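Participant: Please find one structure pasted underneath; my questions will follow.
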Amino acid sequence: MNNAQQTIRVGLFFLLGLALTWVTYEALSGGGFFSKNKGYSIVAGFESLKELKEGDEVRMAGVKIGVVEKTRLAGRRAEAILRIGKDFSIPRDATASIIMAGIIGTNYVGIDLGSADAPPLAPGAEIRTKVTPDINAIMTELGNLGQRLEGALGAFGNSMNGDGKNPGLFQKLDRLVTENSTKVDTTLSNLQDITTKLNRGEGTLGKLINDPALHDELVATVGEIRSAATEAKSFVADAQGILAQVKSGKGPLGTLVYDETTASDLRATVTNLRQVSDKLAKGEGTLGKLINDDGLFNTAQSTLRKADRALDGLGDSGPLTAVGIVANSLF
Amino acid sequence: MKQILSVLEGVGSTWLLLLRAASYVGTLPRQRTRFFEQCYLIGYTTLPIVAILSFFIGSVLALQAGYSMQNFGAKQFIGSLVGLSMARELGPVMVAILLAGRVGSAITAELASMKVYQEVDALVTMNIPPARILVLPRLAAVLAMVPVLAIIADLVGWFGGAIVAKYVAFISIEPEAYFTALRRFMKFKDVMNGLIKAECFGFVVTLVCCNIGLNTRGGPREIGAAVTRAVVVSLILILVLDYFVTKVLM
């Protein structure tokens, strides 16, 4: 083999090595062969990138649309640079989240579909993100829940069994039953007596339970009560009708209560009555004098006496004469 | 004590040889014929054995992983396991071991013969430093060829694993799923680490083999002894260096 052939083979071999290295690089750095510089990047900021690493997939509604190109810390948050294929546009209101594909740390960035009429995200723009709980957060929550449950059960146990200082519910119940066992026994025997009597049909309640006649009577009584109630109901309805009439101003009572004219007449009458009674009290007028003036009474009494005597004197005089005498003595 | 001294002597002479060879780097373009010749010997002729070995290493890795993982349903990660093992560890180490066995032994045998039969002394007499025409082209050729061998070993191993994963009944994983898992858990950095490791191993193996060959004294029996020693020292150095280089590269 001459030198030229040898050199050519070595050259080819070296180039083969370079090509294979390049292919491996493309295959492992994501995006497929020769497509690294295609598409565009967007930025997704998260509180934590969890297990996300470069080369992980970016999926929209489950379909692969790109890869995580780079992960970096930016101030107080972590950022993932997502390289999206040029055929895919992401609506501006779409939301990205880190989704766990397996329990051993396989993650991808999931982007929802967003709304159909939203404008697409521009290259280099930042996509909205949301936090999804990872397995650690869930485990922590479960741990906390377990602790709380344990605490609650402990408290429940203490309240049941006591905490050393204060007796628990069970102890209180135990003491209650122990201390009152005699009373409880008596009560129970009484209850037994009562139920026995009831069963035998003794006493009112026993008869009520066991005697069909008493039951029938009770049913009849209830029927009577019901009819009485019906009557009472009709009475109340009548009374309501009367009240309605009164309210509408019909009838004498209605007129008395609601008619303004009657009311003013009544008021005038009462005023007049008060005046009359005042006058009577003061002794004004004939009746007032009759009531208040004792002189008149005495005069009348003496006149009556005189009349009596005159009558005795007249004897057989006619009634007209007697009247005339009485009138003369009066006036 | 004598052995310790001989070890120290070996380390020192190896470093000196490296420095001497490095001082002649400028003469490399004029030695391109020798360079390509060594590339051909070190790279091109080693390719078949590297490919065959890597294929079966990848296959057996997939087989063992499938056998172990079928019990707890993690078969879909065979791709990741084979990919990472081949790229980070087995590819570079196997290439280095093959280099030690095939190329290192040849280098030591050749240089030891030249030394024993006083060809090296003749070169020195003619004011031609052996480090320049015997060592430098070999070191340069190893540096150029080992990454190529390593990347081929990785890829052939991956494909070997994929074939086993598909056609062995109790594994039965489609190549697509195999390579998806491989890509998901691997970065180019892993492959790069492997290539750097292979480069280190190849360089050290060649340097040590050259040094042992050039320091051979005695007759034909010593040539055989030198070859044996060169291969043994190379293998030990490969495995010792493997740990430290891996640690540094992590």
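Each chain in the structure tokens gets a letter, A, B, ..., in the order shown, and its residues are numbered from 1; ligands are numbered from 1 in order too.
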Which residues come within 10 Å of B:Arg132, counting only C-alpha atoms, excluding same-chain residues fewer than 3 positions away, as a PDB file with N, CA, C and O atoms, in the first residue's frame?

Facilitator:
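The resulting file, result24.pdb, is reproduced below:
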```pdb
ATOM      1  N   LEU B  17      10.483  12.082  28.565  1.00  0.00           N
ATOM      2  CA  LEU B  17      10.202  11.742  27.169  1.00  0.00           C
ATOM      3  C   LEU B  17       9.107  12.645  26.601  1.00  0.00           C
ATOM      4  O   LEU B  17       9.199  13.135  25.468  1.00  0.00           O
ATOM      5  N   ARG B  20      10.507  16.081  26.001  1.00  0.00           N
ATOM      6  CA  ARG B  20      11.391  16.090  24.818  1.00  0.00           C
ATOM      7  C   ARG B  20      10.544  16.045  23.545  1.00  0.00           C
ATOM      8  O   ARG B  20      10.787  16.786  22.598  1.00  0.00           O
ATOM      9  N   ALA B  21       9.545  15.173  23.563  1.00  0.00           N
ATOM     10  CA  ALA B  21       8.702  15.071  22.365  1.00  0.00           C
ATOM     11  C   ALA B  21       7.965  16.383  22.127  1.00  0.00           C
ATOM     12  O   ALA B  21       7.845  16.834  20.976  1.00  0.00           O
ATOM     13  N   ALA B  22       7.479  16.995  23.232  1.00  0.00           N
ATOM     14  CA  ALA B  22       6.728  18.244  23.080  1.00  0.00           C
ATOM     15  C   ALA B  22       7.621  19.335  22.507  1.00  0.00           C
ATOM     16  O   ALA B  22       7.152  20.203  21.762  1.00  0.00           O
ATOM     17  N   SER B  23       8.924  19.250  22.817  1.00  0.00           N
ATOM     18  CA  SER B  23       9.816  20.300  22.308  1.00  0.00           C
ATOM     19  C   SER B  23      10.005  20.203  20.787  1.00  0.00           C
ATOM     20  O   SER B  23      10.496  21.137  20.168  1.00  0.00           O
ATOM     21  N   TYR B  24       9.621  19.095  20.211  1.00  0.00           N
ATOM     22  CA  TYR B  24       9.776  18.941  18.749  1.00  0.00           C
ATOM     23  C   TYR B  24       8.456  19.088  18.000  1.00  0.00           C
ATOM     24  O   TYR B  24       8.354  18.700  16.842  1.00  0.00           O
ATOM     25  N   VAL B  25       7.440  19.630  18.693  1.00  0.00           N
ATOM     26  CA  VAL B  25       6.112  19.741  18.046  1.00  0.00           C
ATOM     27  C   VAL B  25       6.219  20.506  16.734  1.00  0.00           C
ATOM     28  O   VAL B  25       5.532  20.181  15.750  1.00  0.00           O
ATOM     29  N   GLY B  26       7.103  21.486  16.699  1.00  0.00           N
ATOM     30  CA  GLY B  26       7.250  22.289  15.492  1.00  0.00           C
ATOM     31  C   GLY B  26       7.670  21.479  14.268  1.00  0.00           C
ATOM     32  O   GLY B  26       7.407  21.897  13.130  1.00  0.00           O
ATOM     33  N   THR B  27       8.265  20.319  14.506  1.00  0.00           N
ATOM     34  CA  THR B  27       8.740  19.507  13.363  1.00  0.00           C
ATOM     35  C   THR B  27       7.641  18.592  12.811  1.00  0.00           C
ATOM     36  O   THR B  27       7.871  17.856  11.849  1.00  0.00           O
ATOM     37  N   LEU B  28       6.481  18.652  13.437  1.00  0.00           N
ATOM     38  CA  LEU B  28       5.415  17.703  13.053  1.00  0.00           C
ATOM     39  C   LEU B  28       4.992  17.827  11.586  1.00  0.00           C
ATOM     40  O   LEU B  28       4.837  16.807  10.890  1.00  0.00           O
ATOM     41  N   GLN B  31       6.941  15.837   9.412  1.00  0.00           N
ATOM     42  CA  GLN B  31       6.871  14.389   9.650  1.00  0.00           C
ATOM     43  C   GLN B  31       5.483  13.835   9.311  1.00  0.00           C
ATOM     44  O   GLN B  31       5.071  12.818   9.848  1.00  0.00           O
ATOM     45  N   ILE B 128      19.720  12.365  15.465  1.00  0.00           N
ATOM     46  CA  ILE B 128      18.272  12.360  15.240  1.00  0.00           C
ATOM     47  C   ILE B 128      17.630  11.897  16.546  1.00  0.00           C
ATOM     48  O   ILE B 128      17.759  10.729  16.901  1.00  0.00           O
ATOM     49  N   PRO B 129      17.002  12.793  17.274  1.00  0.00           N
ATOM     50  CA  PRO B 129      16.432  12.388  18.571  1.00  0.00           C
ATOM     51  C   PRO B 129      15.286  11.390  18.371  1.00  0.00           C
ATOM     52  O   PRO B 129      14.390  11.648  17.562  1.00  0.00           O
ATOM     53  N   VAL B 135       8.602   9.028  18.760  1.00  0.00           N
ATOM     54  CA  VAL B 135       7.553   9.237  19.782  1.00  0.00           C
ATOM     55  C   VAL B 135       6.529  10.275  19.343  1.00  0.00           C
ATOM     56  O   VAL B 135       5.318  10.044  19.415  1.00  0.00           O
ATOM     57  N   LEU B 136       7.010  11.410  18.868  1.00  0.00           N
ATOM     58  CA  LEU B 136       6.082  12.501  18.551  1.00  0.00           C
ATOM     59  C   LEU B 136       5.008  12.113  17.527  1.00  0.00           C
ATOM     60  O   LEU B 136       3.823  12.384  17.757  1.00  0.00           O
ATOM     61  N   PRO B 137       5.353  11.476  16.413  1.00  0.00           N
ATOM     62  CA  PRO B 137       4.277  11.122  15.460  1.00  0.00           C
ATOM     63  C   PRO B 137       3.248  10.183  16.067  1.00  0.00           C
ATOM     64  O   PRO B 137       2.064  10.290  15.770  1.00  0.00           O
ATOM     65  N   ARG B 138       3.725   9.313  16.929  1.00  0.00           N
ATOM     66  CA  ARG B 138       2.785   8.363  17.541  1.00  0.00           C
ATOM     67  C   ARG B 138       1.828   9.089  18.487  1.00  0.00           C
ATOM     68  O   ARG B 138       0.617   8.826  18.501  1.00  0.00           O
TER      69      ARG B 138
END
```

Participant: Specify as a list in words all residues of chain B found within 8 Å of chain A, counting only C-alpha atoms.

Facilitator: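 Selected residues: Thr33, Phe36, Glu37, Cys39, Tyr40, Gly43, Tyr44, Ala144, Met145, Pro147, Val148, Leu149, Ile151, Ile152, Arg183, Arg184, Met186, Lys187 and Phe188 of chain B.
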
Participant: Figure out the distance between atom CA of B:Ser13 and atom CA of B:Gly194, please, to one decimal in Å.

Facilitator: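 About the pair atom CA of B:Gly194 and atom CA of B:Ser13: they are 28.2 Å apart.
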
Participant: Taking into account only C-alpha atoms, which residue in the set B:Gln76, B:Ser85, B:Ser68, B:Thr46 is nearest to B:Val191?

Facilitator: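 Ranked by minimum distance to B:Val191, first place goes to B:Ser85.
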